[in-house]
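For reference, query10.txt is printed below; it contains compact mmCIF, C-alpha atoms.
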# COMPACT_ATOMS: atom_id res chain seq x y z
CA MET A 1 1.43 43.28 -10.07
CA LYS A 2 3.65 46.32 -10.60
CA LYS A 3 2.44 49.62 -9.20
CA LEU A 4 1.55 52.11 -11.96
CA ILE A 5 2.39 55.76 -11.33
CA VAL A 6 1.16 58.18 -14.00
CA ALA A 7 2.22 61.82 -14.35
CA ASN A 8 -0.50 63.98 -15.92
CA TRP A 9 1.08 67.32 -16.82
CA LYS A 10 -2.25 68.66 -18.14
CA CYS A 11 -1.71 71.97 -20.04
CA ASN A 12 1.84 72.43 -18.73
CA PRO A 13 4.54 73.65 -19.18
CA ALA A 14 4.32 76.60 -21.58
CA THR A 15 7.17 75.74 -23.99
CA LEU A 16 8.84 72.69 -25.54
CA ARG A 17 12.15 73.63 -23.93
CA GLN A 18 10.54 73.70 -20.49
CA ALA A 19 8.84 70.37 -21.20
CA GLN A 20 12.13 68.78 -22.20
CA GLU A 21 13.81 70.14 -19.08
CA LEU A 22 11.02 68.77 -16.89
CA PHE A 23 11.21 65.39 -18.60
CA ARG A 24 14.98 65.26 -18.19
CA ALA A 25 14.63 66.18 -14.51
CA THR A 26 11.94 63.54 -14.05
CA ILE A 27 14.18 60.87 -15.55
CA LYS A 28 16.89 61.79 -13.05
CA ALA A 29 14.49 61.95 -10.08
CA VAL A 30 12.61 58.70 -10.66
CA PRO A 31 14.39 55.74 -9.04
CA LYS A 32 14.96 52.64 -11.14
CA SER A 33 12.66 49.88 -10.00
CA LYS A 34 11.33 46.51 -11.11
CA ASN A 35 8.26 47.03 -8.93
CA VAL A 36 6.91 50.25 -10.43
CA LYS A 37 5.90 51.27 -13.93
CA VAL A 38 6.03 55.03 -14.60
CA VAL A 39 4.13 56.82 -17.36
CA VAL A 40 4.58 60.50 -18.23
CA CYS A 41 1.73 62.24 -20.08
CA PRO A 42 2.74 65.66 -21.48
CA PRO A 43 0.55 67.78 -23.78
CA SER A 44 0.25 66.14 -27.21
CA VAL A 45 2.19 68.92 -28.94
CA TYR A 46 5.32 67.86 -27.02
CA LEU A 47 5.09 64.10 -27.57
CA SER A 48 7.36 63.98 -30.60
CA GLY A 49 9.93 66.06 -28.71
CA PHE A 50 10.80 63.06 -26.53
CA ARG A 51 12.85 60.46 -28.42
CA PHE A 52 12.04 56.83 -27.65
CA SER A 53 14.03 53.71 -28.39
CA ALA A 54 12.72 50.58 -30.07
CA LYS A 55 12.42 48.92 -26.67
CA GLY A 56 10.00 51.59 -25.50
CA GLY A 57 12.41 53.35 -23.16
CA SER A 58 13.43 56.98 -23.45
CA ALA A 59 16.76 57.82 -25.02
CA PHE A 60 16.57 61.46 -24.01
CA GLY A 61 19.48 63.66 -23.04
CA GLY A 62 21.95 60.80 -23.34
CA GLN A 63 20.13 58.70 -20.76
CA VAL A 64 18.01 55.59 -21.13
CA SER A 65 14.97 55.39 -18.88
CA GLY A 66 12.22 52.90 -18.20
CA LEU A 67 9.63 55.67 -18.32
CA LYS A 68 6.71 55.13 -20.68
CA LEU A 69 5.17 57.90 -22.74
CA GLY A 70 1.46 58.59 -22.46
CA ALA A 71 -1.06 60.95 -24.04
CA GLN A 72 -3.82 62.87 -22.28
CA ASP A 73 -6.50 62.14 -24.86
CA VAL A 74 -7.11 60.55 -28.27
CA PHE A 75 -9.69 60.70 -31.06
CA TRP A 76 -11.63 57.63 -32.18
CA GLU A 77 -10.45 57.72 -35.82
CA ASP A 78 -6.88 57.30 -37.08
CA THR A 79 -7.16 59.83 -39.91
CA GLY A 80 -9.78 61.92 -41.71
CA ALA A 81 -11.45 65.32 -41.86
CA TYR A 82 -11.36 65.93 -38.10
CA THR A 83 -9.65 69.28 -37.54
CA GLY A 84 -7.60 69.34 -34.36
CA ALA A 85 -7.91 65.62 -33.69
CA VAL A 86 -5.05 63.24 -32.86
CA GLY A 87 -5.62 59.58 -33.74
CA PRO A 88 -4.33 56.39 -32.11
CA ARG A 89 -1.87 55.56 -34.90
CA MET A 90 -0.39 59.06 -34.67
CA LEU A 91 0.26 58.57 -30.95
CA LYS A 92 1.69 55.11 -31.50
CA SER A 93 4.06 56.44 -34.16
CA VAL A 94 5.77 58.84 -31.72
CA GLY A 95 6.31 56.23 -29.01
CA VAL A 96 3.13 56.57 -26.96
CA THR A 97 2.06 53.39 -25.15
CA TYR A 98 -0.62 54.72 -22.76
CA VAL A 99 -3.47 57.17 -23.18
CA VAL A 100 -5.66 58.80 -20.53
CA MET A 101 -9.30 59.34 -21.44
CA GLY A 102 -12.48 60.52 -19.79
CA HIS A 103 -10.66 62.83 -17.39
CA SER A 104 -13.15 65.09 -15.62
CA GLU A 105 -11.54 68.18 -17.12
CA ARG A 106 -12.12 66.74 -20.60
CA ARG A 107 -15.72 65.96 -19.69
CA GLU A 108 -16.39 69.36 -18.12
CA GLN A 109 -14.45 71.65 -20.45
CA PHE A 110 -14.43 69.82 -23.79
CA GLY A 111 -17.76 68.01 -23.77
CA ASP A 112 -16.53 64.42 -23.53
CA THR A 113 -19.41 62.06 -22.78
CA ASN A 114 -19.65 58.43 -21.72
CA GLU A 115 -20.38 57.56 -25.35
CA SER A 116 -17.38 59.44 -26.76
CA VAL A 117 -15.15 57.90 -24.08
CA ARG A 118 -16.39 54.45 -25.10
CA LYS A 119 -15.49 55.14 -28.74
CA LYS A 120 -12.05 56.40 -27.72
CA VAL A 121 -11.40 53.32 -25.57
CA ALA A 122 -12.30 50.99 -28.43
CA ALA A 123 -10.16 52.88 -30.95
CA ALA A 124 -7.14 53.13 -28.64
CA LEU A 125 -7.23 49.40 -27.84
CA LYS A 126 -7.56 48.57 -31.53
CA GLY A 127 -4.56 50.81 -32.17
CA GLY A 128 -2.43 48.87 -29.68
CA LEU A 129 -2.46 51.40 -26.84
CA CYS A 130 -3.07 50.81 -23.15
CA VAL A 131 -5.91 52.95 -21.82
CA ILE A 132 -6.46 54.65 -18.48
CA VAL A 133 -10.15 55.42 -18.09
CA CYS A 134 -10.97 58.12 -15.55
CA VAL A 135 -14.18 57.92 -13.52
CA GLY A 136 -15.43 59.73 -10.45
CA GLU A 137 -18.39 61.46 -8.87
CA LYS A 138 -18.88 65.23 -8.89
CA THR A 139 -19.89 65.49 -5.24
CA ARG A 140 -20.47 63.44 -2.12
CA GLU A 141 -23.30 65.64 -0.94
CA ALA A 142 -25.82 63.30 -2.53
CA ASP A 143 -26.85 59.91 -1.16
CA ALA A 144 -24.08 57.30 -1.39
CA SER A 145 -26.14 55.11 -3.72
CA GLU A 146 -26.58 58.09 -6.03
CA TYR A 147 -22.90 58.82 -6.60
CA ALA A 148 -22.12 55.10 -6.70
CA LEU A 149 -24.58 54.76 -9.57
CA TYR A 150 -22.88 57.68 -11.30
CA VAL A 151 -19.50 55.90 -11.19
CA LYS A 152 -21.09 52.58 -12.19
CA LYS A 153 -22.55 54.15 -15.31
CA GLU A 154 -19.19 55.69 -16.28
CA VAL A 155 -17.38 52.36 -15.94
CA GLU A 156 -20.01 50.27 -17.70
CA GLU A 157 -20.46 52.63 -20.64
CA ALA A 158 -16.71 53.15 -21.14
CA LEU A 159 -16.06 49.40 -21.28
CA ARG A 160 -19.20 48.30 -23.11
CA GLY A 161 -18.31 45.97 -25.97
CA ILE A 162 -14.71 45.43 -24.85
CA SER A 163 -13.52 41.80 -24.89
CA LYS A 164 -11.90 40.03 -21.95
CA ALA A 165 -8.73 39.75 -24.01
CA ALA A 166 -8.59 43.51 -24.59
CA LEU A 167 -9.33 44.26 -20.95
CA LYS A 168 -5.76 43.34 -19.99
CA ASN A 169 -4.75 46.69 -21.53
CA VAL A 170 -7.29 48.71 -19.52
CA VAL A 171 -6.83 50.52 -16.21
CA VAL A 172 -9.52 52.50 -14.37
CA ALA A 173 -8.45 55.62 -12.48
CA TYR A 174 -10.84 56.68 -9.73
CA GLU A 175 -10.72 60.47 -9.45
CA PRO A 176 -13.47 62.14 -7.40
CA LEU A 177 -14.03 65.48 -9.12
CA TRP A 178 -14.22 67.42 -5.87
CA ALA A 179 -10.69 66.31 -4.95
CA ILE A 180 -8.92 67.28 -8.18
CA GLY A 181 -6.67 70.30 -7.66
CA SER A 182 -8.47 71.17 -4.42
CA ASP A 183 -5.86 70.18 -1.80
CA GLU A 184 -8.65 68.00 -0.39
CA ALA A 185 -7.78 64.42 -1.30
CA ASP A 186 -10.10 61.53 -0.60
CA THR A 187 -9.27 59.26 2.33
CA PRO A 188 -7.62 55.86 1.81
CA GLU A 189 -10.57 54.23 3.61
CA SER A 190 -13.10 55.74 1.23
CA THR A 191 -10.90 55.01 -1.77
CA LEU A 192 -10.69 51.37 -0.68
CA GLU A 193 -14.49 51.17 -0.76
CA MET A 194 -14.59 52.67 -4.26
CA ALA A 195 -11.78 50.42 -5.54
CA LEU A 196 -13.68 47.36 -4.31
CA TYR A 197 -16.88 48.74 -5.82
CA ILE A 198 -15.23 49.30 -9.22
CA ARG A 199 -13.89 45.74 -9.20
CA LYS A 200 -17.41 44.55 -8.34
CA ILE A 201 -18.66 46.36 -11.46
CA ILE A 202 -15.90 44.70 -13.48
CA ALA A 203 -16.92 41.32 -12.03
CA GLY A 204 -20.47 41.90 -13.20
CA MET A 205 -19.24 42.62 -16.70
CA PHE A 206 -16.32 40.22 -17.13
CA GLY A 207 -16.43 37.74 -14.23
CA ASN A 208 -14.84 37.39 -10.80
CA VAL A 209 -11.51 36.01 -11.98
CA VAL A 210 -10.87 39.03 -14.19
CA ALA A 211 -12.04 41.46 -11.52
CA GLN A 212 -9.67 40.13 -8.85
CA SER A 213 -6.60 41.27 -10.78
CA PHE A 214 -8.09 44.34 -12.44
CA PRO A 215 -5.93 47.44 -11.79
CA VAL A 216 -7.48 50.55 -10.22
CA LEU A 217 -5.62 53.81 -9.66
CA TYR A 218 -6.41 56.75 -7.41
CA GLY A 219 -6.11 60.37 -8.52
CA GLY A 220 -7.09 63.69 -6.94
CA SER A 221 -4.65 65.92 -5.03
CA VAL A 222 -2.04 63.16 -4.72
CA ASN A 223 1.15 64.41 -3.08
CA ILE A 224 4.21 63.21 -1.16
CA GLY A 225 2.30 63.36 2.10
CA ASN A 226 -0.55 61.02 1.13
CA ALA A 227 0.81 58.80 -1.67
CA ARG A 228 2.04 56.03 0.62
CA ALA A 229 -1.26 55.86 2.52
CA PHE A 230 -3.29 55.52 -0.68
CA LEU A 231 -1.00 52.81 -2.03
CA ARG A 232 -0.86 50.93 1.27
CA ASP A 233 -4.44 51.29 2.53
CA GLY A 234 -6.52 52.51 -0.43
CA GLY A 235 -6.85 49.22 -2.26
CA VAL A 236 -5.34 50.72 -5.43
CA ASP A 237 -2.58 49.57 -7.74
CA GLY A 238 -1.14 52.98 -8.50
CA LEU A 239 -1.70 56.71 -8.71
CA LEU A 240 -2.62 59.31 -11.31
CA VAL A 241 -0.62 62.36 -10.25
CA GLY A 242 -1.48 65.84 -11.50
CA ARG A 243 0.04 68.98 -9.99
CA ALA A 244 2.73 67.14 -8.02
CA SER A 245 4.09 65.62 -11.25
CA LEU A 246 5.23 69.09 -12.36
CA ASP A 247 7.77 68.99 -9.53
CA SER A 248 10.25 66.33 -10.61
CA LYS A 249 11.66 65.82 -7.09
CA ALA A 250 8.20 65.46 -5.57
CA PHE A 251 7.16 63.03 -8.29
CA GLY A 252 10.36 61.05 -7.79
CA LYS A 253 9.56 60.75 -4.07
CA ILE A 254 6.08 59.45 -4.89
CA VAL A 255 7.57 56.79 -7.15
CA GLU A 256 10.05 55.96 -4.39
CA GLU A 257 7.16 55.46 -1.95
CA ALA A 258 5.49 53.12 -4.42
CA ASN A 259 8.71 51.19 -4.88
CA GLY A 260 9.03 50.67 -1.12
CA LEU A 261 5.70 48.86 -0.80
I need this file expressed as structure tokens, please.
Amino acid sequence: MKKLIVANWKCNPATLRQAQELFRATIKAVPKSKNVKVVVCPPSVYLSGFRFSAKGGSAFGGQVSGLKLGAQDVFWEDTGAYTGAVGPRMLKSVGVTYVVMGHSERREQFGDTNESVRKKVAAALKGGLCVIVCVGEKTREADASEYALYVKKEVEEALRGISKAALKNVVVAYEPLWAIGSDEADTPESTLEMALYIRKIIAGMFGNVVAQSFPVLYGGSVNIGNARAFLRDGGVDGLLVGRASLDSKAFGKIVEEANGL
């Protein structure tokens, strides 16, 4: 299975020109590899500013790249009277292949719930997109069984009603909320436990065979210094990179680490 490295730019940068410059720099910094799949998720307003070829690769700035284009969120209807919404078909039409949903910042700041995430997952899959579902506990101060139940509920409700066939286009990103943007990443040992636990939840829903190959990512203060450890010892199949993805050289090094494993 290829490693999946996802760049989540969040609400950055401030202008289209800066976004294009960052994308161009990222293309140059990311090493070509058959072992790693790279997805870049800029703010939705910039998505159409990156030209994509029919084969799904970028044809930006005179270069062709294997980078995939992703979105940071999606609505559960394609069209309609939903002011401010962006539907799955809209994303697909500008070259998007992946969409992140259920990120803790969406849940905390925009009111996303397990139910709305479930509706978004179903709509995105129906629209032909691959989905990256974010889950993670708010704190570890509670009893372990308590935060484990919290994650279990997020996974089960997000994937409720999804078929085994559709599940091949689903990835779960484990992002403990307390680690996001805090400079306090989880440990690979703890992440390994959570990755195994998430696959156990998947086994309960879809069977052991499906669970064995189900991809899990880690996110939360990923950087050059810890990326290799998470990929090597954390039981994960890739990384969801936030702040470090805004530095093209740093992000390129993270992809390079993934390629070397």
- Kindly indicate which residue among A:Val151, A:Leu167, A:Val222, A:Ala14 lies nearest to Lys200 in chain A, using all atoms listed in the file for the distances. A:Val151
- Task: Have a look at A:Ala244, A:Leu192, A:Leu231, A:Val86 and name the one nearest to Leu4 in chain A; count only C-alpha atoms.
- Result: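 Checking each of A:Ala244, A:Leu192, A:Leu231, A:Val86 against Leu4 in chain A, counting only C-alpha atoms, the winner is A:Leu231.
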- Task: Tell me which protein, DNA and RNA residues are within 8 Å of Ala173 in chain A, counting all atoms listed in the file, leaving out same-chain ones fewer than 3 positions away, and put them as a PyMOL selection string.
- Result: chain A and resi 132-135+216-219+239-240
- Counting only C-alpha atoms, figure out which residue out of A:Met1, A:Val255, A:Ala158, A:Leu67 gets nearest to Ile27 in chain A. A:Leu67
Centre and edge lengths of an axis-aligned box around all listed atoms of range 65-70 of chain A, with 6 Å added on each side, are to be given in Å to one decimal, as AutoDock Vina command-line options.
--center_x 8.2 --center_y 55.7 --center_z -20.5 --size_x 25.5 --size_y 17.7 --size_z 16.5
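Summary of the local environment: counting only C-alpha atoms, residues at most 10 Å from Ala258 in chain A, other than itself and those fewer than 6 positions away along its chain, are Lys2, Lys3, Leu4, Ile5, Ser33, Asn35, Val36, Lys37, Ala227, Arg228, Phe230, Leu231, Arg232, Asp237, Gly238, Leu239 and Gly252 of chain A.
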- Point-to-point distance in Å for CA of Ser213 in chain A and CA of Lys168 in chain A: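 Interatomic distance, CA of Lys168 in chain A to CA of Ser213 in chain A: 9.5 Å.
CA of Ser145 in chain A to CA of Glu157 in chain A spans 18.0 Å [interatomic distance, one decimal].
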- Nearest to Val96 in chain A by atom-to-atom distance, counting only C-alpha atoms, from A:Gly220, A:Gly80, A:Gly70, A:Gly136: A:Gly70
- Task: Could you please determine the separation between CA of Ala195 in chain A and CA of Ile224 in chain A in Å, to one decimal place?
- Result: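 Computed distance, CA of Ala195 in chain A to CA of Ile224 in chain A, equals 20.9 Å.
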- Query: If you count all atoms listed in the file, which residues fall within 9 Å of Ser221 in chain A, apart from same-chain ones fewer than 5 positions away, as a PyMOL selection string?
  - Reply: chain A and resi 179-186+226+241-244
Keeping C-alpha atoms, export the residues of the selection given above as a compact mmCIF listing (two decimals), in the coordinates of the input.
# COMPACT_ATOMS: atom_id res chain seq x y z
CA ALA A 179 -10.69 66.31 -4.95
CA ILE A 180 -8.92 67.28 -8.18
CA GLY A 181 -6.67 70.30 -7.66
CA SER A 182 -8.47 71.17 -4.42
CA ASP A 183 -5.86 70.18 -1.80
CA GLU A 184 -8.65 68.00 -0.39
CA ALA A 185 -7.78 64.42 -1.30
CA ASP A 186 -10.10 61.53 -0.60
CA ASN A 226 -0.55 61.02 1.13
CA VAL A 241 -0.62 62.36 -10.25
CA GLY A 242 -1.48 65.84 -11.50
CA ARG A 243 0.04 68.98 -9.99
CA ALA A 244 2.73 67.14 -8.02
- Task: Find the residue from A:Asp233, A:Ala148, A:Ser104, A:Leu177 that sits nearest to Ile198 in chain A; use only C-alpha atoms when measuring.
- Result: A:Ala148
- Please provide the set of residues having any atom within 8 Å of Phe214 in chain A, restricted to only C-alpha atoms, with same-chain residues fewer than 6 positions apart removed, written as a PyMOL selection string. chain A and resi 168+171+199+202
- Query: Nearest to Gly127 in chain A: which of A:Tyr82, A:Tyr174, A:Trp76, A:Tyr150 is it, counting only C-alpha atoms?
  - Reply: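 Closest to Gly127 in chain A, using only C-alpha atoms: A:Trp76.
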- Task: Identify, on the basis of all atoms listed in the file, every residue whose closest approach to Met90 in chain A does not exceed 10 Å; exclude the query and any residue fewer than 3 positions from it along the same chain; express the result as a VMD selection string.
- Result: chain A and resid 74 78 to 79 86 to 87 93 to 96 127
